[in-house]
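Novice: Enclosed is the structure file start-v4.cif (mmCIF, C-alpha atoms).
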data_structure
#
loop_
_atom_site.group_PDB
_atom_site.id
_atom_site.type_symbol
_atom_site.label_atom_id
_atom_site.label_comp_id
_atom_site.auth_asym_id
_atom_site.auth_seq_id
_atom_site.Cartn_x
_atom_site.Cartn_y
_atom_site.Cartn_z
ATOM 1 C CA MET S 1 159.331 120.164 94.233
ATOM 2 C CA ILE S 2 160.516 118.247 97.298
ATOM 3 C CA VAL S 3 157.926 115.601 98.194
ATOM 4 C CA TYR S 4 157.710 113.505 101.365
ATOM 5 C CA LEU S 5 156.010 110.097 101.090
ATOM 6 C CA ALA S 6 153.503 109.006 103.728
ATOM 7 C CA GLY S 7 151.720 105.680 103.970
ATOM 8 C CA ARG S 8 151.362 102.532 106.019
ATOM 9 C CA ILE S 9 154.645 100.966 107.107
ATOM 10 C CA SER S 10 153.904 99.145 110.377
ATOM 11 C CA GLY S 11 152.363 95.749 109.690
ATOM 12 C CA ASP S 12 152.928 95.954 105.920
ATOM 13 C CA GLY S 13 155.607 93.474 104.861
ATOM 14 C CA GLY S 14 155.759 94.970 101.355
ATOM 15 C CA TYR S 15 156.087 98.606 102.386
ATOM 16 C CA ARG S 16 159.624 99.092 101.024
ATOM 17 C CA ALA S 17 158.590 98.069 97.495
ATOM 18 C CA LYS S 18 155.421 100.175 97.665
ATOM 19 C CA PHE S 19 157.350 103.261 98.761
ATOM 20 C CA ALA S 20 160.117 102.593 96.201
ATOM 21 C CA ASP S 21 157.550 102.430 93.383
ATOM 22 C CA ALA S 22 156.023 105.743 94.483
ATOM 23 C CA GLU S 23 159.463 107.307 94.790
ATOM 24 C CA MET S 24 160.409 106.228 91.272
ATOM 25 C CA ALA S 25 157.163 107.547 89.790
ATOM 26 C CA LEU S 26 157.606 110.936 91.446
ATOM 27 C CA ARG S 27 161.274 111.135 90.443
ATOM 28 C CA GLU S 28 160.264 110.449 86.831
ATOM 29 C CA LEU S 29 158.029 113.521 87.108
ATOM 30 C CA GLY S 30 161.091 115.533 88.155
ATOM 31 C CA HIS S 31 160.588 115.728 91.911
ATOM 32 C CA VAL S 32 163.028 115.215 94.759
ATOM 33 C CA VAL S 33 161.552 112.518 96.994
ATOM 34 C CA LEU S 34 162.085 112.051 100.720
ATOM 35 C CA ASN S 35 161.277 108.418 101.453
ATOM 36 C CA PRO S 36 160.982 107.361 105.125
ATOM 37 C CA ALA S 37 160.898 103.680 104.106
ATOM 38 C CA MET S 38 164.617 103.953 103.392
ATOM 39 C CA LEU S 39 165.411 104.385 107.093
ATOM 40 C CA PRO S 40 167.225 101.420 108.662
ATOM 41 C CA ASN S 41 165.493 98.755 110.730
ATOM 42 C CA GLY S 42 165.976 98.730 114.489
ATOM 43 C CA LEU S 43 164.794 102.140 115.688
ATOM 44 C CA GLU S 44 161.926 102.774 118.086
ATOM 45 C CA TYR S 45 158.626 103.928 116.550
ATOM 46 C CA GLU S 46 158.897 107.458 117.958
ATOM 47 C CA ALA S 47 162.440 107.779 116.579
ATOM 48 C CA TYR S 48 161.091 106.968 113.107
ATOM 49 C CA MET S 49 158.357 109.557 113.587
ATOM 50 C CA ALA S 50 160.817 112.228 114.734
ATOM 51 C CA ILE S 51 163.096 111.628 111.746
ATOM 52 C CA GLY S 52 160.122 111.514 109.386
ATOM 53 C CA ASN S 53 158.784 114.796 110.741
ATOM 54 C CA GLN S 54 162.109 116.488 110.085
ATOM 55 C CA MET S 55 162.103 115.100 106.542
ATOM 56 C CA LEU S 56 158.539 116.351 106.107
ATOM 57 C CA LEU S 57 159.444 119.840 107.329
ATOM 58 C CA ALA S 58 162.188 119.990 104.673
ATOM 59 C CA ALA S 59 159.636 119.133 101.947
ATOM 60 C CA ASP S 60 157.292 121.317 99.935
ATOM 61 C CA ALA S 61 154.565 118.681 99.883
ATOM 62 C CA ILE S 62 153.409 115.423 101.385
ATOM 63 C CA CYS S 63 152.282 112.654 99.055
ATOM 64 C CA LEU S 64 149.761 110.345 100.693
ATOM 65 C CA LEU S 65 149.884 106.764 99.479
ATOM 66 C CA PRO S 66 146.481 105.047 99.036
ATOM 67 C CA ASP S 67 146.699 103.282 102.429
ATOM 68 C CA TRP S 68 147.606 106.377 104.456
ATOM 69 C CA GLN S 69 144.309 106.373 106.374
ATOM 70 C CA SER S 70 145.105 102.945 107.867
ATOM 71 C CA SER S 71 148.343 104.322 109.347
ATOM 72 C CA ALA S 72 148.350 106.306 112.587
ATOM 73 C CA GLY S 73 151.816 107.601 111.663
ATOM 74 C CA ALA S 74 150.754 108.817 108.216
ATOM 75 C CA GLN S 75 147.724 110.494 109.767
ATOM 76 C CA ARG S 76 150.033 112.304 112.192
ATOM 77 C CA GLU S 77 152.293 113.302 109.291
ATOM 78 C CA ARG S 78 149.334 114.689 107.349
ATOM 79 C CA THR S 79 148.408 116.805 110.374
ATOM 80 C CA VAL S 80 151.974 118.145 110.601
ATOM 81 C CA ALA S 81 151.913 118.905 106.869
ATOM 82 C CA MET S 82 148.640 120.796 107.176
ATOM 83 C CA LYS S 83 149.842 122.800 110.188
ATOM 84 C CA ASN S 84 152.979 123.739 108.256
ATOM 85 C CA HIS S 85 151.121 124.691 105.059
ATOM 86 C CA LYS S 86 152.567 121.902 102.916
ATOM 87 C CA SER S 87 150.821 120.918 99.710
ATOM 88 C CA ILE S 88 148.817 117.711 100.104
ATOM 89 C CA LEU S 89 149.114 115.291 97.178
ATOM 90 C CA HIS S 90 147.333 111.967 96.742
ATOM 91 C CA TYR S 91 149.405 109.333 94.979
ATOM 92 C CA ASP S 92 146.431 107.579 93.399
ATOM 93 C CA LYS S 93 145.455 110.835 91.657
ATOM 94 C CA ILE S 94 149.017 111.369 90.435
ATOM 95 C CA ASN S 95 149.045 107.885 88.887
ATOM 96 C CA VAL S 96 145.732 108.386 87.112
ATOM 97 C CA ARG S 97 146.652 111.739 85.614
ATOM 98 C CA GLY S 98 150.377 111.112 85.192
ATOM 99 C CA SER S 99 151.282 114.451 86.764
ATOM 100 C CA ILE S 100 150.865 116.484 89.900
#
The structure given in the file should be rewritten as structure tokens.

Specialist:
Amino acid sequence: MIVYLAGRISGDGGYRAKFADAEMALRELGHVVLNPAMLPNGLEYEAYMAIGNQMLLAADAICLLPDWQSSAGAQRERTVAMKNHKSILHYDKINVRGSI
């Protein structure tokens, strides 16, 4: 399955490590992971959102990191995922069970 990661980036100095950990865990389960935290620094917020939305549309599912509710961008991405009938996964549940 192709999985897009969504969580808080703005204002979180450790977001790259958090997203990298989630990416590695999902890859170990055999999934292809689209990670927006790998985008380069220096773009405008709406450019990041536009690129992220295209990544999300290419995915089968969105995986919400535990802090997704504190991110306006992740909330927007969840809405896009729902409107496009993507599976909604919660990372904290994947970690507990060890599978999707």

Novice: Need the neighbours of (158.6, 107.5, 94.7): which residues are at most 12 Å away, counting all atoms listed in the file, as a VMD selection string?

Specialist: chain S and resid 2 to 7 16 to 38 62 to 65 91 94 to 95

Novice: Separation of CA of Gly11 in chain S and CA of His85 in chain S, in Å?

Specialist: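 Separation between CA of Gly11 in chain S and CA of His85 in chain S: 29.3 Å.
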
Novice: By how many Å are CA of Asn53 in chain S and CA of Leu89 in chain S apart?

Specialist: 16.7 Å

Novice: Could you tell me which residues the PyMOL selection byres ((chain S and resi 72) around 12) grabs in this file, written as a list of chain:residue names?

Specialist: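 Checked against the file, the PyMOL selection byres ((chain S and resi 72) around 12) matches S:Ala6, S:Gly7, S:Arg8, S:Ile9, S:Ser10, S:Gly11, S:Tyr45, S:Glu46, S:Met49, S:Asp67, S:Trp68, S:Gln69, S:Ser70, S:Ser71, S:Gly73, S:Ala74, S:Gln75, S:Arg76, S:Glu77, S:Arg78, S:Thr79.
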
Novice: What does the distance between CA of Asp12 in chain S and CA of Gly52 in chain S come to in Å, to one decimal place?

Specialist: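 Here the two named atoms are 17.5 Å from each other.
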